[in-house]
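Working notes, structure below.
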Amino acid sequence: MEIKTVQLQDFKRVHDVEILLSDINVVVGGNNSGKSSVLQGIHFSAGAERAAREAGGQTFPQDRLLYCPTSDFTCIRHGDPYRNHRGMAESHLVVTGVNDSGEDVRRETTIYRGRNYANVGCRTQGDRALGNALSNVTEPFSVYVPGLAGIPETEEARARAIVDRGVAGGEANLYLRNVLRLINEADLLDELVEQVRQVFPAFDVHIDHDPEHDPFISVTAMVTPDTGSRPLELAGTGCLQALQIFSYLTLYKPRLLLLDEPDAHLHPDNQRLLASTLMHAASSSGTKIVLATHSRTLVRALSSDANFIWLKDGEVYKHGRNLDMLPLLMDIGALDDFDRLQSGDVSTVVLTEDTDTKYMEVLLQVCDAHHNDVLIFPYHGSARISEAQAIACFLRDHAADCKYIIHADRDFMSDAEYIDFADKYGGDGVEVFVTDRCDIESYFTDPAHVAELLDVDQGDVTAWMNDLAQQDHNALLHAFLRKRDNVKATLYKGRQDNAPSSRELVGSVIPLPPEKRVGKKMLSLMRDSMHDRWGKVVNLIQLSGALDCPTLKECLSA
């Protein structure tokens, strides 16, 4: 039987979420959107049907549940707590599929509170074979894994029933060695090793356990020939990720593998490796994978292969493949604030090319822009300004009353180049803020601003900065030329011979005049020599009476 859809209603953060299942399904959304609730609700409801089957009736004590995310199940319903009234204060799991005869089948599991307060009620209707799949003990409908970050250093051998209950209870990480032991006893180890080798070609594993004498299970694994065979806990996070996933698939063959934030604590390289593991696991088994994540790396790696379910306020906002804007929004951290934008709580969105937003934050204070009304998102570098433009237009289409500003450093653009640049990336409700000098850091090297913060004479500051520019002339010259290269790459694609000569633009004056100095480089030089020159060190990235940014003010008032 193939499972086609799952629909969860009124569980924790979820009001109503239906997923048309593909091999890999990625649940994303802002904070408190219901990502984890979807996975927990599916597993909880399937476990309730299993408990009702074992109890032989519709109601049973809560302790018969193998998995429950709280000590009081009545509190996990969305909205009001569960009640003992038919049709009121319930939650529902609806599963559809196609049976072996090609017929469409449907099963609905309804959770409520039994007459006794501590009793769980579970009412079912629909296809009996599908119900058997939901309540199957040896091949569970779902395996829920709340993170795959690591395993304990030792593990005591447990009976199969205890291992099954532990895995069903969401504690899969604690039983990996036992799962491997059971796989070995079932003569399935070669199958497992072959699967893991699709990701780690040299992988091998050895399980050593004498039930007569050994309370603990010894497992060693080889990931690469160079490292040789080592204790399992030293196999490396990426390998453990793959091994755990394939182990649960090999032993339990669940209809659904539910992975909650599997990217937690993983380096981006391992997240990309995890994506490869998931794609292979989904293609080589009958299991469908549903994972919740907030990782832009994992989303990008799966963007062309997975089905995405984008949640907002416990409901599906968008569903399908190739949600082009989703990786970009996650990349700049805008997904969590999407609801605020649509609800009208934000007046201005600033997309800045700088990863460090502190410079923009201070300039917005200069312009009297209120912090609570303004969202700042870094788009990570001038080379990605086209993506920033796409993001601004997308957000504008969904929150038209908000003002959108894209910040880009001038990088020594000429006036004519600046006009072309602003025309290319601005318009249609999107303003382009290009810095008056080379970069945003240049505002904080203004002599009047520096003199006020240091409480010294402005002329002395100017002389100091000229000395620094002369001493490091070659470095500043090189920085100028690199910035001009950025301009050519952005504005003269395929026709860079048409760009003005960088050498002619920079001239031969030593030191370079202030308008031809890279602000970031000058800030660094000033910080390094400030104490020697003035006997004190102050933070230049702060407000002063001399700090001003009329160009940004103009964008904000447009």
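Lettering and numbering for the structure tokens are positional, with chains as A, B, ... in the shown order, residues counted from 1 in each chain, and ligands counted from 1 in the shown order.
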For this session: Please provide as a list in words all residues within 9 Å of region 226-235 of chain A, with the sequence filter that same-chain residues fewer than 2 positions apart are discarded (counting only C-alpha atoms).
Result: Gly150, Ile151, Pro152, Glu153, Thr154, Arg177, Asp204, Val205, His206, Ser218, Val219, Thr220, Ala221, Met222, Val223, Thr224, Thr237, Gly238, Cys239 and Leu240 of chain A
Problem set entry | For Gly34 (chain A): contacts at 10 Å, only C-alpha atoms, fewer than 2 positions along chain excluded, given as a ChimeraX atom specification | /A:11-15,17,27-32,36-40,292,310-316
Residues just named, written with N, CA, C and O atoms as a compact mmCIF listing (two decimals), in the first residue's frame:
# COMPACT_ATOMS: atom_id res chain seq x y z
N PHE A 11 -3.58 20.10 16.37
CA PHE A 11 -2.58 19.48 17.25
C PHE A 11 -1.48 20.50 17.52
O PHE A 11 -0.84 20.97 16.57
N LYS A 12 -1.28 20.86 18.79
CA LYS A 12 -0.29 21.85 19.18
C LYS A 12 -0.41 23.11 18.32
O LYS A 12 -1.43 23.76 18.31
N ARG A 13 0.64 23.47 17.57
CA ARG A 13 0.61 24.70 16.77
C ARG A 13 -0.19 24.55 15.48
O ARG A 13 -0.48 25.53 14.80
N VAL A 14 -0.55 23.34 15.13
CA VAL A 14 -1.17 23.08 13.84
C VAL A 14 -2.69 23.23 13.94
O VAL A 14 -3.33 22.60 14.79
N HIS A 15 -3.23 24.05 13.04
CA HIS A 15 -4.69 24.11 12.90
C HIS A 15 -5.15 23.12 11.84
O HIS A 15 -5.99 22.26 12.09
N VAL A 17 -3.15 21.15 8.43
CA VAL A 17 -2.04 20.99 7.48
C VAL A 17 -2.23 19.68 6.74
O VAL A 17 -2.31 18.62 7.35
N VAL A 27 9.39 20.48 5.60
CA VAL A 27 8.47 21.40 6.26
C VAL A 27 9.28 22.59 6.76
O VAL A 27 10.22 22.42 7.55
N VAL A 28 8.92 23.78 6.31
CA VAL A 28 9.65 24.99 6.71
C VAL A 28 8.64 26.04 7.17
O VAL A 28 7.44 25.91 6.95
N GLY A 29 9.16 27.07 7.80
CA GLY A 29 8.31 28.17 8.26
C GLY A 29 9.04 28.94 9.33
O GLY A 29 10.10 28.54 9.83
N GLY A 30 8.45 30.05 9.72
CA GLY A 30 9.03 30.87 10.77
C GLY A 30 8.90 30.23 12.13
O GLY A 30 8.34 29.13 12.29
N ASN A 31 9.42 30.91 13.15
CA ASN A 31 9.29 30.41 14.51
C ASN A 31 7.82 30.26 14.87
O ASN A 31 6.99 31.11 14.54
N ASN A 32 7.49 29.16 15.55
CA ASN A 32 6.14 28.88 16.02
C ASN A 32 5.13 28.72 14.89
O ASN A 32 3.93 28.93 15.09
N SER A 36 7.54 21.50 13.89
CA SER A 36 7.70 20.31 14.72
C SER A 36 6.36 19.69 15.08
O SER A 36 6.25 18.46 15.24
N SER A 37 5.34 20.52 15.23
CA SER A 37 4.01 20.01 15.59
C SER A 37 3.47 19.04 14.54
O SER A 37 2.78 18.07 14.87
N VAL A 38 3.78 19.29 13.26
CA VAL A 38 3.32 18.40 12.20
C VAL A 38 3.89 17.00 12.41
O VAL A 38 3.17 16.00 12.39
N LEU A 39 5.21 16.92 12.63
CA LEU A 39 5.85 15.63 12.81
C LEU A 39 5.36 14.94 14.07
O LEU A 39 5.03 13.74 14.07
N GLN A 40 5.31 15.69 15.17
CA GLN A 40 4.87 15.11 16.44
C GLN A 40 3.42 14.64 16.35
O GLN A 40 3.07 13.58 16.89
N ALA A 292 11.53 18.52 9.18
CA ALA A 292 11.34 19.93 9.51
C ALA A 292 12.71 20.56 9.68
O ALA A 292 13.60 19.98 10.31
N TRP A 310 5.43 24.99 3.20
CA TRP A 310 5.75 26.25 3.88
C TRP A 310 4.57 26.60 4.78
O TRP A 310 3.46 26.84 4.31
N LEU A 311 4.82 26.62 6.10
CA LEU A 311 3.76 26.84 7.08
C LEU A 311 3.74 28.27 7.58
O LEU A 311 4.79 28.91 7.74
N LYS A 312 2.55 28.74 7.86
CA LYS A 312 2.33 30.02 8.54
C LYS A 312 1.16 29.85 9.49
O LYS A 312 0.07 29.42 9.07
N ASP A 313 1.38 30.14 10.77
CA ASP A 313 0.31 30.10 11.77
C ASP A 313 -0.43 28.76 11.76
O ASP A 313 -1.66 28.71 11.86
N GLY A 314 0.30 27.67 11.63
CA GLY A 314 -0.31 26.35 11.74
C GLY A 314 -1.09 25.90 10.53
O GLY A 314 -1.85 24.93 10.60
N GLU A 315 -0.92 26.58 9.40
CA GLU A 315 -1.58 26.19 8.16
C GLU A 315 -0.59 26.25 7.01
O GLU A 315 0.47 26.86 7.12
N VAL A 316 -0.97 25.65 5.89
CA VAL A 316 -0.09 25.63 4.72
C VAL A 316 -0.21 26.95 3.98
O VAL A 316 -1.30 27.35 3.56
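Proximity ranking of A:Lys4, A:His398, A:His280, A:Arg115 relative to Glu103 (chain A) places A:Lys4 first, based on only C-alpha atoms.
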Problem set entry | Polymer residues at most 10 Å from Asn119 (chain A), only C-alpha atoms, same-chain spacing of 3 or more positions, as number ranges by chain | A: 58-64, 73-74, 84, 112-116, 122
Filtering to all heavy atoms, could you give me those residues as a CSV table (one decimal), in the first residue's frame?
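Output saved as again28.csv:
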chain,number,residue,atom,x,y,z
A,58,GLN,N,-11.7,1.9,22.6
A,58,GLN,CA,-11.4,3.3,22.2
A,58,GLN,C,-10.7,4.1,23.2
A,58,GLN,O,-10.1,5.1,22.9
A,58,GLN,CB,-12.7,4.0,21.9
A,58,GLN,CG,-13.3,3.6,20.6
A,58,GLN,CD,-14.5,4.5,20.1
A,58,GLN,OE1,-14.7,5.6,20.7
A,58,GLN,NE2,-15.2,4.1,19.1
A,59,THR,N,-10.7,3.8,24.5
A,59,THR,CA,-10.1,4.6,25.6
A,59,THR,C,-9.1,3.7,26.3
A,59,THR,O,-9.2,2.5,26.4
A,59,THR,CB,-11.1,5.2,26.5
A,59,THR,OG1,-11.8,4.1,27.2
A,59,THR,CG2,-12.1,6.1,25.8
A,60,PHE,N,-8.0,4.4,26.8
A,60,PHE,CA,-7.0,3.7,27.5
A,60,PHE,C,-6.2,4.8,28.3
A,60,PHE,O,-6.2,6.0,28.0
A,60,PHE,CB,-6.0,3.0,26.5
A,60,PHE,CG,-5.6,3.9,25.3
A,60,PHE,CD1,-4.5,4.7,25.5
A,60,PHE,CD2,-6.3,3.9,24.2
A,60,PHE,CE1,-4.1,5.5,24.4
A,60,PHE,CE2,-5.9,4.7,23.1
A,60,PHE,CZ,-4.8,5.5,23.2
A,61,PRO,N,-5.4,4.3,29.3
A,61,PRO,CA,-4.6,5.3,30.1
A,61,PRO,C,-3.5,5.9,29.3
A,61,PRO,O,-3.0,5.3,28.3
A,61,PRO,CB,-4.1,4.4,31.2
A,61,PRO,CG,-4.9,3.2,31.3
A,61,PRO,CD,-5.4,3.0,29.9
A,62,GLN,N,-3.1,7.1,29.6
A,62,GLN,CA,-2.1,7.8,28.8
A,62,GLN,C,-0.8,7.1,28.8
A,62,GLN,O,0.0,7.1,27.8
A,62,GLN,CB,-1.9,9.2,29.4
A,62,GLN,CG,-0.8,10.0,28.6
A,62,GLN,CD,-0.6,11.4,29.1
A,62,GLN,OE1,-1.5,12.0,29.6
A,62,GLN,NE2,0.6,11.9,29.0
A,63,ASP,N,-0.5,6.3,29.9
A,63,ASP,CA,0.8,5.6,29.9
A,63,ASP,C,0.9,4.5,28.9
A,63,ASP,O,1.9,3.8,28.8
A,63,ASP,CB,1.1,5.1,31.3
A,63,ASP,CG,0.1,4.2,31.9
A,63,ASP,OD1,-0.8,3.7,31.2
A,63,ASP,OD2,0.1,3.9,33.1
A,64,ARG,N,-0.2,4.2,28.2
A,64,ARG,CA,-0.2,3.1,27.2
A,64,ARG,C,0.4,3.7,25.9
A,64,ARG,O,0.7,3.0,24.9
A,64,ARG,CB,-1.6,2.6,26.9
A,64,ARG,CG,-2.2,1.8,28.1
A,64,ARG,CD,-1.4,0.5,28.3
A,64,ARG,NE,-1.5,-0.4,27.2
A,64,ARG,CZ,-2.5,-1.4,27.1
A,64,ARG,NH1,-3.4,-1.5,28.0
A,64,ARG,NH2,-2.5,-2.2,26.1
A,73,PHE,N,-1.5,14.8,28.2
A,73,PHE,CA,-1.9,14.9,26.7
A,73,PHE,C,-3.0,15.8,26.4
A,73,PHE,O,-3.1,16.3,25.3
A,73,PHE,CB,-2.2,13.5,26.3
A,73,PHE,CG,-3.7,13.1,26.4
A,73,PHE,CD1,-4.6,13.3,25.3
A,73,PHE,CD2,-4.2,12.7,27.6
A,73,PHE,CE1,-5.9,13.0,25.4
A,73,PHE,CE2,-5.6,12.3,27.7
A,73,PHE,CZ,-6.4,12.5,26.6
A,74,THR,N,-3.9,16.1,27.4
A,74,THR,CA,-5.0,17.0,27.1
A,74,THR,C,-4.6,18.4,26.7
A,74,THR,O,-5.4,19.1,26.1
A,74,THR,CB,-5.9,17.1,28.4
A,74,THR,OG1,-5.2,17.7,29.4
A,74,THR,CG2,-6.4,15.7,28.8
A,84,ASN,N,-14.3,15.5,26.6
A,84,ASN,CA,-15.0,14.2,26.5
A,84,ASN,C,-16.4,14.5,25.9
A,84,ASN,O,-17.4,14.2,26.5
A,84,ASN,CB,-15.1,13.6,27.9
A,84,ASN,CG,-15.9,12.3,27.8
A,84,ASN,OD1,-16.8,12.1,28.6
A,84,ASN,ND2,-15.6,11.4,26.8
A,112,TYR,N,-9.5,12.3,21.4
A,112,TYR,CA,-10.2,13.1,22.3
A,112,TYR,C,-9.9,12.7,23.8
A,112,TYR,O,-9.1,11.8,24.0
A,112,TYR,CB,-11.7,13.0,22.0
A,112,TYR,CG,-12.3,11.6,22.2
A,112,TYR,CD1,-12.9,11.1,23.4
A,112,TYR,CD2,-12.1,10.6,21.1
A,112,TYR,CE1,-13.4,9.8,23.5
A,112,TYR,CE2,-12.6,9.3,21.3
A,112,TYR,CZ,-13.2,8.9,22.4
A,112,TYR,OH,-13.7,7.6,22.6
A,113,ARG,N,-10.5,13.3,24.7
A,113,ARG,CA,-10.3,12.9,26.1
A,113,ARG,C,-11.4,11.9,26.6
A,113,ARG,O,-12.6,12.1,26.3
A,113,ARG,CB,-10.3,14.1,27.1
A,113,ARG,CG,-10.1,13.7,28.5
A,113,ARG,CD,-9.9,14.9,29.4
A,113,ARG,NE,-11.1,15.7,29.6
A,113,ARG,CZ,-12.1,15.5,30.4
A,113,ARG,NH1,-12.0,14.4,31.2
A,113,ARG,NH2,-13.1,16.3,30.5
A,114,GLY,N,-10.9,10.8,27.2
A,114,GLY,CA,-11.9,9.8,27.7
A,114,GLY,C,-12.7,10.3,28.8
A,114,GLY,O,-12.4,11.4,29.4
A,115,ARG,N,-13.7,9.6,29.3
A,115,ARG,CA,-14.5,10.0,30.4
A,115,ARG,C,-13.7,10.2,31.6
A,115,ARG,O,-13.9,11.2,32.3
A,115,ARG,CB,-15.6,9.0,30.7
A,115,ARG,CG,-16.6,9.4,31.8
A,115,ARG,CD,-17.8,8.4,31.8
A,115,ARG,NE,-18.5,8.5,30.5
A,115,ARG,CZ,-19.6,7.7,30.3
A,115,ARG,NH1,-20.0,6.8,31.2
A,115,ARG,NH2,-20.2,7.8,29.1
A,116,ASN,N,-12.8,9.3,31.9
A,116,ASN,CA,-11.8,9.6,33.0
A,116,ASN,C,-10.8,10.6,32.5
A,116,ASN,O,-10.3,10.4,31.4
A,116,ASN,CB,-11.2,8.3,33.5
A,116,ASN,CG,-12.2,7.3,34.1
A,116,ASN,OD1,-13.2,7.8,34.7
A,116,ASN,ND2,-12.0,6.1,33.9
A,122,CYS,N,-9.5,7.4,21.4
A,122,CYS,CA,-9.1,7.3,20.0
A,122,CYS,C,-10.2,6.6,19.2
A,122,CYS,O,-10.4,5.4,19.3
A,122,CYS,CB,-7.8,6.5,19.9
A,122,CYS,SG,-7.2,6.3,18.2
For this session: Name the residues in contact with Asn372 (chain A) at a cut-off of 10 Å, using only C-alpha atoms, excluding same-chain residues fewer than 4 positions from it; report them as a PyMOL selection string.
Result: chain A and resi 345-348
